[in-house]
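The next block is query-v3.txt, given as compact mmCIF, C-alpha atoms and all ligand atoms.
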# COMPACT_ATOMS: atom_id res chain seq x y z
CA LYS A 1 72.04 160.51 52.86
CA SER A 2 71.91 156.89 53.94
CA PRO A 3 74.49 156.33 56.67
CA LYS A 4 76.98 153.52 56.36
CA ALA A 5 78.52 151.83 59.33
CA SER A 6 82.16 152.78 59.35
CA SER A 7 84.23 155.50 57.76
CA VAL A 8 87.61 153.88 57.93
CA SER A 9 87.50 150.26 56.82
CA PRO A 10 88.19 147.59 59.46
CA VAL A 11 91.55 145.85 59.82
CA PRO A 12 93.15 145.93 56.37
CA GLN A 13 94.32 142.58 55.00
CA ALA A 14 97.96 142.30 53.98
CA THR A 15 98.53 141.95 50.24
CA ASP A 16 100.61 139.21 48.57
CA ASN A 17 103.73 141.37 48.72
CA GLY A 18 103.24 141.84 52.47
CA HIS A 19 102.25 145.53 52.29
CA GLN A 20 99.29 146.78 54.24
CA PRO A 21 96.75 148.15 51.77
CA GLN A 22 95.46 151.65 52.36
CA PRO A 23 92.23 151.67 54.37
CA ILE A 24 89.15 153.04 52.63
CA ILE A 25 88.13 156.48 53.90
CA ASN A 26 84.42 156.98 53.57
CA LEU A 27 83.54 160.69 53.33
CA ASP A 28 80.45 160.14 51.23
CA HIS A 29 77.86 160.61 53.96
CA GLY A 30 77.75 163.49 56.42
CA ASP A 31 77.89 161.54 59.66
CA PRO A 32 78.77 164.28 62.18
CA THR A 33 81.12 162.31 64.46
CA MET A 34 83.70 165.11 64.70
CA TYR A 35 82.31 166.44 67.99
CA GLU A 36 82.76 163.06 69.68
CA SER A 37 86.05 164.18 71.28
CA TYR A 38 84.28 167.21 72.84
CA TRP A 39 81.52 165.01 74.24
CA LYS A 40 84.05 162.52 75.57
CA GLU A 41 85.66 165.39 77.50
CA VAL A 42 82.28 166.45 78.83
CA GLY A 43 81.97 162.86 79.94
CA GLN A 44 79.78 161.24 82.52
CA LYS A 45 79.27 164.31 84.66
CA TYR A 46 76.60 165.75 82.42
CA SER A 47 74.99 162.50 81.31
CA VAL A 48 71.26 162.02 81.62
CA THR A 49 69.65 159.04 83.33
CA ILE A 50 66.08 158.14 82.46
CA PRO A 51 64.43 155.99 85.13
CA VAL A 52 62.39 152.99 83.94
CA PHE A 53 59.10 154.43 85.21
CA GLN A 54 59.45 157.63 83.20
CA SER A 55 57.94 158.42 79.77
CA LEU A 56 55.56 155.49 79.48
CA SER A 57 52.84 157.60 77.92
CA TYR A 58 52.49 158.58 74.26
CA PHE A 59 51.71 162.06 75.51
CA ALA A 60 54.07 164.73 76.77
CA ASN A 61 51.92 167.84 77.17
CA MET A 62 48.26 167.82 76.19
CA LYS A 63 48.09 171.59 76.53
CA ASN A 64 50.56 172.03 73.72
CA LEU A 65 49.56 171.97 70.05
CA CYS A 66 52.51 169.60 69.63
CA TRP A 67 51.25 167.20 72.31
CA PHE A 68 54.26 164.85 72.05
CA LEU A 69 56.88 167.59 72.60
CA GLU A 70 58.65 167.27 75.96
CA PRO A 71 58.34 170.63 77.82
CA LYS A 72 62.01 170.44 78.79
CA LEU A 73 63.06 170.16 75.13
CA GLU A 74 60.81 173.08 74.18
CA GLU A 75 62.40 175.20 76.89
CA GLU A 76 65.96 174.29 75.88
CA ILE A 77 65.30 174.94 72.18
CA LYS A 78 64.05 178.44 73.02
CA THR A 79 66.97 179.12 75.36
CA LEU A 80 69.55 177.96 72.83
CA HIS A 81 68.14 180.08 69.98
CA LYS A 82 68.09 183.05 72.32
CA ASN A 83 71.70 182.46 73.38
CA VAL A 84 72.95 181.98 69.83
CA GLY A 85 70.67 184.56 68.21
CA ASN A 86 70.12 182.45 65.07
CA ALA A 87 66.31 182.23 65.04
CA ILE A 88 63.24 183.91 66.42
CA THR A 89 61.12 181.59 68.53
CA GLU A 90 58.53 184.12 69.76
CA ASN A 91 55.04 183.56 68.35
CA ARG A 92 56.15 180.29 66.79
CA HIS A 93 54.92 176.75 67.35
CA ILE A 94 57.71 174.31 68.06
CA ILE A 95 57.26 170.87 66.54
CA VAL A 96 59.65 168.05 67.28
CA GLY A 97 60.38 165.41 64.64
CA THR A 98 62.34 162.19 64.24
CA GLY A 99 65.21 164.12 62.71
CA SER A 100 64.52 167.11 60.51
CA SER A 101 64.06 164.56 57.70
CA GLN A 102 60.62 163.75 59.11
CA LEU A 103 59.85 167.45 59.45
CA ILE A 104 60.62 168.06 55.77
CA LEU A 105 57.94 165.53 54.87
CA ALA A 106 55.57 166.98 57.49
CA ALA A 107 56.06 170.49 56.09
CA LEU A 108 55.48 169.35 52.49
CA TYR A 109 52.31 167.59 53.54
CA ALA A 110 51.05 170.53 55.64
CA LEU A 111 51.71 173.19 53.02
CA SER A 112 50.26 171.31 50.09
CA ASP A 113 47.29 170.04 52.07
CA SER A 114 46.41 173.50 53.39
CA LEU A 115 46.66 174.89 49.88
CA ASN A 116 44.37 172.19 48.64
CA ASP A 117 41.93 173.08 51.45
CA ARG A 118 41.89 176.63 50.12
CA ILE A 119 41.50 175.56 46.51
CA ARG A 120 38.82 173.05 47.41
CA SER A 121 36.78 175.60 49.30
CA ALA A 122 37.22 178.30 46.64
CA LEU A 123 36.52 176.14 43.61
CA SER A 124 34.88 173.16 45.31
CA GLN A 125 36.91 170.98 43.04
CA GLN A 126 39.09 168.02 43.80
CA LEU A 127 42.72 167.73 44.69
CA HIS A 128 45.34 169.73 42.86
CA THR A 129 48.95 168.74 42.73
CA THR A 130 51.31 171.29 44.23
CA ARG A 131 54.63 171.52 42.52
CA LEU A 132 57.63 171.13 44.72
CA VAL A 133 60.50 173.19 43.41
CA ALA A 134 63.91 173.42 44.80
CA LYS A 135 66.40 176.13 44.79
CA PHE A 136 69.21 176.04 42.29
CA GLN A 137 70.84 172.91 41.12
CA PHE A 138 72.97 172.36 44.20
CA LEU A 139 69.98 172.55 46.34
CA GLY A 140 70.95 170.71 49.42
CA ALA A 141 71.87 167.54 51.09
CA LEU A 142 68.52 166.61 50.03
CA LEU A 143 68.70 167.46 46.41
CA GLN A 144 69.14 163.81 45.64
CA SER A 145 66.57 163.02 48.30
CA TYR A 146 63.86 165.44 47.21
CA PRO A 147 63.03 163.53 44.04
CA GLU A 148 63.68 160.34 46.01
CA ILE A 149 61.08 161.38 48.62
CA THR A 150 58.44 162.27 46.08
CA ASP A 151 59.09 159.22 43.91
CA PHE A 152 59.14 156.93 46.90
CA LEU A 153 55.94 158.21 48.46
CA ARG A 154 54.18 158.82 45.14
CA SER A 155 52.31 161.60 46.90
CA GLN A 156 49.37 163.11 45.13
CA LEU A 157 49.96 166.35 46.99
CA TYR A 158 53.24 167.41 45.49
CA LYS A 159 55.72 166.44 42.86
CA TRP A 160 59.33 167.21 42.29
CA SER A 161 59.84 169.98 39.72
CA GLY A 162 63.60 170.35 39.86
CA ASP A 163 65.83 173.38 39.93
CA ALA A 164 64.10 176.49 41.28
CA ARG A 165 66.12 178.76 39.02
CA CYS A 166 64.50 177.11 36.01
CA PHE A 167 60.99 177.09 37.43
CA ASP A 168 58.68 178.65 34.86
CA LYS A 169 55.35 176.97 35.55
CA ASP A 170 52.28 178.78 36.79
CA GLY A 171 50.47 177.94 39.97
CA PRO A 172 51.36 177.24 43.56
CA TYR A 173 54.75 175.86 44.49
CA ILE A 174 56.90 175.04 47.49
CA GLU A 175 60.52 176.10 47.45
CA MET A 176 63.03 174.42 49.72
CA VAL A 177 65.81 176.79 50.78
CA THR A 178 68.80 175.19 52.50
CA SER A 179 71.03 177.84 54.05
CA PRO A 180 73.94 177.48 54.51
CA ASN A 181 73.55 175.18 51.59
CA ASN A 182 74.52 171.53 51.45
CA PRO A 183 76.71 170.69 49.52
CA ASP A 184 78.33 174.04 48.66
CA GLY A 185 78.05 175.93 52.00
CA VAL A 186 76.68 179.10 50.42
CA ILE A 187 74.08 181.31 52.14
CA ARG A 188 70.87 181.11 50.11
CA LYS A 189 67.62 182.96 49.73
CA PRO A 190 64.45 181.99 47.82
CA VAL A 191 64.83 182.51 44.09
CA VAL A 192 61.35 182.11 42.64
CA ASN A 193 59.65 184.78 44.79
CA ARG A 194 56.11 184.65 43.52
CA ALA A 195 52.92 185.35 45.41
CA GLN A 196 51.74 181.76 45.16
CA GLY A 197 54.95 180.39 46.59
CA MET A 198 55.54 178.82 49.97
CA VAL A 199 59.03 178.45 51.34
CA VAL A 200 60.56 175.97 53.78
CA HIS A 201 63.87 177.12 55.27
CA ASP A 202 66.16 174.25 56.17
CA LEU A 203 68.62 175.86 58.61
CA ALA A 204 70.41 172.71 59.75
CA TYR A 205 73.82 174.43 59.36
CA TYR A 206 72.92 177.90 60.62
CA TRP A 207 75.10 177.54 63.73
CA PRO A 208 78.24 179.51 64.67
CA GLN A 209 80.73 176.70 64.00
CA TYR A 210 79.82 176.75 60.29
CA THR A 211 78.93 180.33 59.49
CA ALA A 212 78.58 183.84 60.93
CA ILE A 213 75.27 184.43 62.70
CA THR A 214 74.31 187.67 60.99
CA SER A 215 70.71 188.00 62.23
CA PRO A 216 68.04 185.88 63.85
CA ALA A 217 66.21 183.97 61.10
CA ASP A 218 62.59 185.00 60.93
CA HIS A 219 60.80 182.80 58.37
CA ASP A 220 57.43 181.06 58.31
CA ILE A 221 58.82 177.52 58.55
CA MET A 222 62.35 176.95 59.83
CA LEU A 223 63.89 173.51 60.35
CA PHE A 224 66.77 172.67 62.69
CA THR A 225 68.37 169.44 63.85
CA VAL A 226 70.63 168.31 66.67
CA SER A 227 72.44 166.19 64.05
CA LYS A 228 74.46 169.12 62.68
CA CYS A 229 74.27 171.42 65.69
CA THR A 230 75.67 169.17 68.42
CA GLY A 231 76.60 166.10 66.35
CA HIS A 232 73.98 163.80 67.94
CA ALA A 233 72.60 162.51 64.65
CA GLY A 234 71.88 159.16 66.29
CA SER A 235 69.29 160.71 68.60
CA ARG A 236 67.17 161.55 65.53
CA ILE A 237 65.82 164.82 66.92
CA GLY A 238 64.93 167.83 64.80
CA TRP A 239 62.56 170.70 65.38
CA ALA A 240 60.49 173.09 63.31
CA LEU A 241 59.62 176.69 64.22
CA VAL A 242 56.31 177.39 62.53
CA ARG A 243 54.42 180.68 62.44
CA ASP A 244 51.02 179.60 61.17
CA GLU A 245 48.85 177.58 63.56
CA ASN A 246 46.99 175.73 60.83
CA ILE A 247 50.24 174.58 59.18
CA ALA A 248 51.65 173.60 62.57
CA LYS A 249 48.55 171.49 63.31
CA LYS A 250 48.87 169.69 60.00
CA MET A 251 52.55 168.99 60.63
CA VAL A 252 51.65 167.54 64.02
CA LYS A 253 48.93 165.45 62.38
CA PHE A 254 51.47 164.09 59.88
CA ILE A 255 53.81 162.99 62.68
CA GLU A 256 50.89 161.59 64.68
CA ILE A 257 49.85 159.37 61.78
CA ASN A 258 53.43 158.57 60.82
CA THR A 259 55.04 157.64 64.15
CA ILE A 260 52.54 158.67 66.92
CA GLY A 261 54.97 161.27 68.19
CA VAL A 262 58.71 161.19 68.78
CA SER A 263 60.73 159.11 71.25
CA LYS A 264 60.63 160.72 74.71
CA GLU A 265 64.03 159.29 75.65
CA ALA A 266 65.60 160.89 72.59
CA GLN A 267 63.88 164.19 73.37
CA LEU A 268 65.06 164.17 76.99
CA ARG A 269 68.61 163.37 75.93
CA ALA A 270 68.51 166.11 73.29
CA ALA A 271 67.11 168.57 75.88
CA ASN A 272 70.00 167.71 78.18
CA ILE A 273 72.54 168.18 75.39
CA LEU A 274 71.09 171.55 74.37
CA GLU A 275 71.14 172.60 78.01
CA ILE A 276 74.83 171.72 78.23
CA ILE A 277 75.77 173.74 75.15
CA SER A 278 73.71 176.71 76.34
CA LEU A 279 75.47 176.50 79.69
CA SER A 280 78.83 176.19 77.93
CA CYS A 281 78.39 179.56 76.21
CA GLN A 282 77.67 181.42 79.43
CA LYS A 283 80.37 183.66 80.89
CA GLN A 284 79.77 181.94 84.23
CA ARG A 285 80.12 178.42 82.79
CA PRO A 286 81.58 175.63 84.93
CA ARG A 287 85.38 175.56 84.72
CA ASP A 288 85.44 172.04 83.30
CA LEU A 289 83.10 172.90 80.43
CA ASP A 290 84.58 174.33 77.20
CA ASN A 291 82.41 176.68 75.15
CA PHE A 292 80.93 174.25 72.62
CA PHE A 293 80.61 176.70 69.75
CA GLU A 294 84.08 178.16 70.30
CA HIS A 295 85.51 174.65 70.39
CA SER A 296 83.64 173.41 67.31
CA HIS A 297 84.29 176.61 65.34
CA GLN A 298 88.01 176.27 66.01
CA LEU A 299 87.90 172.62 64.99
CA MET A 300 86.16 173.45 61.70
CA ALA A 301 88.55 176.34 61.01
CA GLU A 302 91.55 174.03 61.57
CA ARG A 303 90.10 171.37 59.27
CA TRP A 304 89.49 173.85 56.46
CA LYS A 305 93.05 175.15 56.89
CA LYS A 306 94.44 171.60 56.67
CA LEU A 307 92.32 170.92 53.58
CA ARG A 308 93.54 174.07 51.83
CA ASN A 309 97.15 173.26 52.75
CA ALA A 310 96.82 169.75 51.36
CA VAL A 311 95.90 171.07 47.89
CA LYS A 312 98.02 174.24 48.01
CA ASN A 313 100.49 173.27 45.29
CA ASN A 314 98.13 171.10 43.38
CA GLN A 315 96.70 171.95 39.97
CA LEU A 316 94.14 169.18 40.19
CA PHE A 317 91.69 170.43 42.81
CA TYR A 318 89.86 173.68 43.43
CA VAL A 319 88.56 174.34 46.96
CA PRO A 320 86.03 177.21 47.14
CA LYS A 321 86.73 180.39 49.10
CA PHE A 322 84.17 182.09 51.30
CA PRO A 323 83.85 185.70 52.44
CA ASN A 324 84.20 186.71 56.10
CA HIS A 325 81.16 188.12 57.86
CA TYR A 326 80.52 189.76 61.19
CA CYS A 327 79.09 187.24 63.62
CA ASN A 328 76.70 188.60 66.23
CA PHE A 329 77.30 185.55 68.38
CA THR A 330 81.09 185.80 68.63
CA ASN A 331 81.16 189.59 68.12
CA GLU A 332 83.92 189.37 65.54
CA PHE A 333 84.46 188.87 61.82
CA THR A 334 84.61 185.20 61.11
CA GLY A 335 85.20 182.79 58.23
CA THR A 336 82.78 180.24 56.81
CA TYR A 337 83.54 176.59 57.49
CA PRO A 338 80.89 174.41 55.87
CA GLY A 339 80.23 170.85 56.98
CA PHE A 340 81.02 169.69 53.44
CA ALA A 341 83.76 170.64 51.02
CA TRP A 342 82.44 171.06 47.51
CA ILE A 343 85.60 170.33 45.56
CA LYS A 344 86.05 170.83 41.85
CA CYS A 345 88.56 168.83 39.86
CA LYS A 346 90.45 169.98 36.81
CA GLU A 347 88.31 170.02 33.67
CA GLY A 348 87.50 166.63 32.22
CA VAL A 349 88.29 164.72 35.42
CA ASP A 350 85.67 162.51 37.02
CA CYS A 351 86.43 163.63 40.55
CA GLU A 352 84.54 160.91 42.40
CA LYS A 353 86.32 158.26 40.33
CA LEU A 354 89.68 159.87 40.96
CA PHE A 355 89.14 159.87 44.73
CA ARG A 356 87.84 156.30 44.59
CA GLU A 357 91.08 155.23 42.90
CA HIS A 358 92.79 156.55 46.03
CA LYS A 359 90.31 154.76 48.28
CA ILE A 360 88.49 157.89 49.32
CA LEU A 361 84.73 157.63 48.96
CA THR A 362 82.99 160.91 48.13
CA ARG A 363 79.64 161.92 46.66
CA SER A 364 79.71 162.88 43.00
CA GLY A 365 78.35 166.23 41.82
CA LYS A 366 76.11 164.18 39.53
CA ARG A 367 74.11 163.10 42.58
CA PHE A 368 73.28 166.77 43.18
CA GLY A 369 72.24 167.49 39.62
CA GLY A 370 75.69 168.94 38.88
CA ASP A 371 78.53 167.43 36.95
CA ALA A 372 81.21 164.82 37.48
CA GLU A 373 84.00 167.35 38.01
CA TYR A 374 82.58 168.08 41.46
CA VAL A 375 82.48 166.02 44.61
CA ARG A 376 81.05 166.60 48.05
CA ILE A 377 83.36 165.58 50.87
CA SER A 378 82.25 165.36 54.47
CA MET A 379 84.29 167.58 56.82
CA LEU A 380 82.53 166.09 59.83
CA SER A 381 84.29 162.76 60.36
CA ARG A 382 86.37 161.79 63.39
CA ASP A 383 89.81 163.41 63.80
CA GLU A 384 91.82 160.35 62.78
CA GLU A 385 89.74 159.83 59.62
CA PHE A 386 90.01 163.47 58.66
CA ASP A 387 93.78 163.56 59.24
CA LEU A 388 94.23 160.40 57.18
CA PHE A 389 92.17 162.03 54.43
CA VAL A 390 94.21 165.25 54.21
CA GLN A 391 97.43 163.29 54.40
CA ARG A 392 96.35 161.10 51.46
CA LEU A 393 94.92 164.09 49.58
CA SER A 394 98.30 165.82 49.70
CA THR A 395 99.83 162.83 47.90
CA ILE A 396 97.37 162.88 44.99
CA HIS A 397 99.03 164.57 42.05
CA GLY A 398 99.20 163.72 38.41
CA THR A 399 96.80 164.50 35.67
CA GLY A 400 93.81 162.48 36.84
CA ASN A 401 91.51 160.42 34.65
CA GLN A 402 89.87 162.06 31.65
CA ASN A 403 86.14 161.73 31.03
N1 LIG A 501 68.85 169.15 56.25
C1 LIG A 501 70.10 169.17 55.81
C2 LIG A 501 70.59 170.35 55.06
C3 LIG A 501 70.94 168.06 56.02
O1 LIG A 501 72.20 168.09 55.57
C4 LIG A 501 70.43 166.94 56.72
C5 LIG A 501 71.30 165.72 57.00
N2 LIG A 501 72.16 165.35 56.02
C6 LIG A 501 69.12 166.97 57.16
C7 LIG A 501 68.35 168.10 56.92
C8 LIG A 501 68.51 165.82 57.89
O2 LIG A 501 68.93 165.81 59.21
P1 LIG A 501 68.37 164.83 60.29
O3 LIG A 501 69.50 163.99 60.74
O4 LIG A 501 67.85 165.71 61.38
O5 LIG A 501 67.24 164.04 59.70

When written as structure tokens, how does the structure in this file appear?
Ligand code: PMP
Amino acid sequence: KSPKASSVSPVPQATDNGHQPQPIINLDHGDPTMYESYWKEVGQKYSVTIPVFQSLSYFANMKNLCWFLEPKLEEEIKTLHKNVGNAITENRHIIVGTGSSQLILAALYALSDSLNDRIRSALSQQLHTTRLVAKFQFLGALLQSYPEITDFLRSQLYKWSGDARCFDKDGPYIEMVTSPNNPDGVIRKPVVNRAQGMVVHDLAYYWPQYTAITSPADHDIMLFTVSKCTGHAGSRIGWALVRDENIAKKMVKFIEINTIGVSKEAQLRAANILEIISLSCQKQRPRDLDNFFEHSHQLMAERWKKLRNAVKNNQLFYVPKFPNHYCNFTNEFTGTYPGFAWIKCKEGVDCEKLFREHKILTRSGKRFGGDAEYVRISMLSRDEEFDLFVQRLSTIHGTGNQN
């Protein structure tokens, strides 16, 4: 998950024989720079200016449970979900976080702490450890990060228990459901389904450019982020829609202790960006403003087509197929265009190694608890990087290395 500075390496040095070496294409991380061209078109006209005397206070709205949430951002989050129809915001608390990464930690803390409250009061005994289980071995962008998070923090509240499909322990648990899933783009549901379970739905990719919006999501804890919705990962703004007030309060407490709220400038910029994309999907939109979701959906569809074409006559790679679904947002049947391609190589080939030999950096399936025949490739890079990638991909033939 850790971002690296540049995807295409800087000025390549000429080799001894005078040839320019191929630049390295870094598609390991999921830095969503692909919408940059859209935002360049939108340009200055819709930019936000924050005067120096604004947002000095830690506080944004003392009447709100989430006291550091800018009212304008709250309003735009609700409007956007209503316009897109991908989540219910009624009777939910909205909590802003420094990226949805912070909200994942806040949710883990809140759920396990509230469970411990219940256990403590029922049994008046000390802290229990809540098991954190994750869905299926290709759990999410964060599969490699879930154990990382728990190991790093050494929390006494929860511990990583691995693949949800193999979860056979008794007692309370938290299941993380990433849908559409990262890395494989598949729509997921909880798999453990026991009474003592609590589920966090990470819906970072539940937007019309990636998948059909089949119904408004209506779960207890839902996480979203501007990173994957609009491409503004650098703003570090995510939000949680939380049904239970007690859980919401604990999440707010976590962020209060962690970072004393969330940058107001980032929130105001994010609010402005969400307002623009909401405006862009109106029938009465300004003439100089393209529908963001139409534009980004088309872009994703084109990229997936180029990827499939590049491996069309190739026995080395397998690119997964996805079913079409009816999208309530576009009112038509639409394909699925995940933010990552989960590519499988021919049996016995270490796929990450093979790509690395061709100066394409990818993330090995091993990092997701899978095997070396798989890689995750970001589909979200800038146009020129992506085009360079498919062009080079189409030249990779041969038998590949053997494990
Ligand atoms: N959830 C998923 C499924 C992701 O892929 C990512 C980013 N890779 C995140 C959450 C974290 O996003 P953010 O930039 O908001 O922290």

### Task
Would you mind listing what lies within 9 Å of A:Arg92 as number ranges by chain, with all atoms listed in the file counted and same-chain residues fewer than 4 positions away left out?
A: 88, 220, 241-245

Within 6 Å of ligand LIG 501 (chain A), which residues of chain A show up? Give each one with its shortest atom-to-atom distance in Å (one decimal) and the two atoms involved, counting only C-alpha atoms and all ligand atoms, rows by chain then rising residue number, as a tab-separated table.
residue	atom	partner	partner_atom	distance
A:Lys1	CA	A:LIG501	N2	5.8
A:Gly30	CA	A:LIG501	N2	5.9
A:Gly99	CA	A:LIG501	O4	3.4
A:Ser100	CA	A:LIG501	O4	3.7
A:Ser101	CA	A:LIG501	O5	3.8
A:Gly140	CA	A:LIG501	C2	5.7
A:Ala141	CA	A:LIG501	O1	4.5
A:Thr178	CA	A:LIG501	C2	5.8
A:Asn182	CA	A:LIG501	C2	5.5
A:Asp202	CA	A:LIG501	N1	5.8
A:Ala204	CA	A:LIG501	N1	5.2
A:Thr225	CA	A:LIG501	O4	4.5
A:Ser227	CA	A:LIG501	O3	4.9
A:Ala233	CA	A:LIG501	O3	5.2
A:Arg236	CA	A:LIG501	O3	5.9
A:Ile237	CA	A:LIG501	O4	6.0
A:Gly238	CA	A:LIG501	O4	5.0

### Task
Find, counting all atoms listed in the file, the residue in A:Gly162, A:Pro51, A:Gly231, A:Gly97 that gets nearest to A:Leu73.
A:Gly97

### Query
In Å, with one decimal, what is the gap from atom CA of A:Arg382 to atom CA of A:Phe333?
27.2 Å

### Query
At a cut-off of 12 Å from (91.4, 176.3, 44.8) in the coordinates of the file, what residues are picked up using only C-alpha atoms, written as a VMD selection string?
chain A and resid 307 to 322 341 to 346

### Message
Could you check the closest approach to A:Lys249 for each of A:His397, A:His93, A:Arg287, A:Lys63 and tell me which residue wins, using all atoms listed in the file?
### Response
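Using all atoms listed in the file, the shortest distance to A:Lys249 belongs to A:His93.
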
#### Entry: Selected residue, from A:Ala270, A:Ile213, A:Val262, A:Ala372, that lies nearest to A:Asn83 when counting only C-alpha atoms
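Ranking A:Ala270, A:Ile213, A:Val262, A:Ala372 by distance to A:Asn83, first place goes to A:Ile213.
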
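Here atom CA of A:Leu65 and atom CA of A:Leu203 stand 22.6 Å from one another.
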
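Across the model, the gap from atom CA of A:Thr336 to atom CA of A:Thr211 is 4.7 Å.
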
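Shortest atom-to-atom contact with A:Gly234 among A:Ser378, A:Tyr326, A:Ala301, A:Pro32: A:Pro32, counting all atoms listed in the file.
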
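Remark: for A:Lys45, the closest of the candidate residues A:Ser121, A:Asn272, A:Asn331, A:Ser381 is A:Asn272 (distances computed over all atoms listed in the file).
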
### Query
Which of these, A:Asp184, A:Asp288, A:Glu275, A:Glu74, has the shortest distance to A:Val42 once you count all atoms listed in the file?
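The closest residue to A:Val42 is A:Asp288.
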
### Task
Could you please give me, as a list in words, the residues of protein, DNA or RNA lying at most 6 Å from (68.6, 179.2, 47.7) in the coordinate frame of the file, considering all atoms listed in the file?
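Every residue inside that radius is included here: Lys135, Val177, Arg188, Lys189 and Pro190 of chain A.
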
#### Entry: Test item: residues at most 7 Å from stretch 105-110 of chain A, all atoms listed in the file, excluding those fewer than 3 positions along its chain, as a ChimeraX atom specification
/A:101-102,113-114,247,250-251,254-255

For the residues in the current selection, export C-alpha atoms as a PDB file, keeping the file's coordinate frame.
ATOM      1  CA  SER A 101      64.060 164.560  57.700  1.00  0.00           C
ATOM      2  CA  GLN A 102      60.620 163.750  59.110  1.00  0.00           C
ATOM      3  CA  ASP A 113      47.290 170.040  52.070  1.00  0.00           C
ATOM      4  CA  SER A 114      46.410 173.500  53.390  1.00  0.00           C
ATOM      5  CA  ILE A 247      50.240 174.580  59.180  1.00  0.00           C
ATOM      6  CA  LYS A 250      48.870 169.690  60.000  1.00  0.00           C
ATOM      7  CA  MET A 251      52.550 168.990  60.630  1.00  0.00           C
ATOM      8  CA  PHE A 254      51.470 164.090  59.880  1.00  0.00           C
ATOM      9  CA  ILE A 255      53.810 162.990  62.680  1.00  0.00           C
TER      10      ILE A 255
END

Generate N, CA and C atoms for stretch 246-259 of chain A and emit them as a compact mmCIF listing (two decimals), in the frame of the given file.
# COMPACT_ATOMS: atom_id res chain seq x y z
N ASN A 246 47.61 176.76 61.65
CA ASN A 246 46.99 175.73 60.83
C ASN A 246 48.05 174.79 60.22
N ILE A 247 49.14 175.39 59.74
CA ILE A 247 50.24 174.58 59.18
C ILE A 247 50.86 173.72 60.28
N ALA A 248 51.05 174.34 61.45
CA ALA A 248 51.65 173.60 62.57
C ALA A 248 50.78 172.40 62.93
N LYS A 249 49.46 172.60 62.96
CA LYS A 249 48.55 171.49 63.31
C LYS A 249 48.66 170.36 62.30
N LYS A 250 48.78 170.74 61.03
CA LYS A 250 48.87 169.69 60.00
C LYS A 250 50.21 168.95 60.10
N MET A 251 51.26 169.67 60.46
CA MET A 251 52.55 168.99 60.63
C MET A 251 52.48 167.99 61.79
N VAL A 252 51.82 168.42 62.87
CA VAL A 252 51.65 167.54 64.02
C VAL A 252 50.83 166.31 63.62
N LYS A 253 49.80 166.55 62.84
CA LYS A 253 48.93 165.45 62.38
C LYS A 253 49.76 164.44 61.57
N PHE A 254 50.62 164.96 60.71
CA PHE A 254 51.47 164.09 59.88
C PHE A 254 52.31 163.17 60.78
N ILE A 255 52.93 163.78 61.81
CA ILE A 255 53.81 162.99 62.68
C ILE A 255 52.99 162.02 63.53
N GLU A 256 51.79 162.46 63.90
CA GLU A 256 50.89 161.59 64.68
C GLU A 256 50.56 160.33 63.87
N ILE A 257 50.23 160.52 62.61
CA ILE A 257 49.85 159.37 61.78
C ILE A 257 51.08 158.53 61.41
N ASN A 258 52.20 159.23 61.24
CA ASN A 258 53.43 158.57 60.82
C ASN A 258 54.07 157.73 61.92
N THR A 259 54.30 158.35 63.09
CA THR A 259 55.04 157.64 64.15
C THR A 259 54.43 157.84 65.56
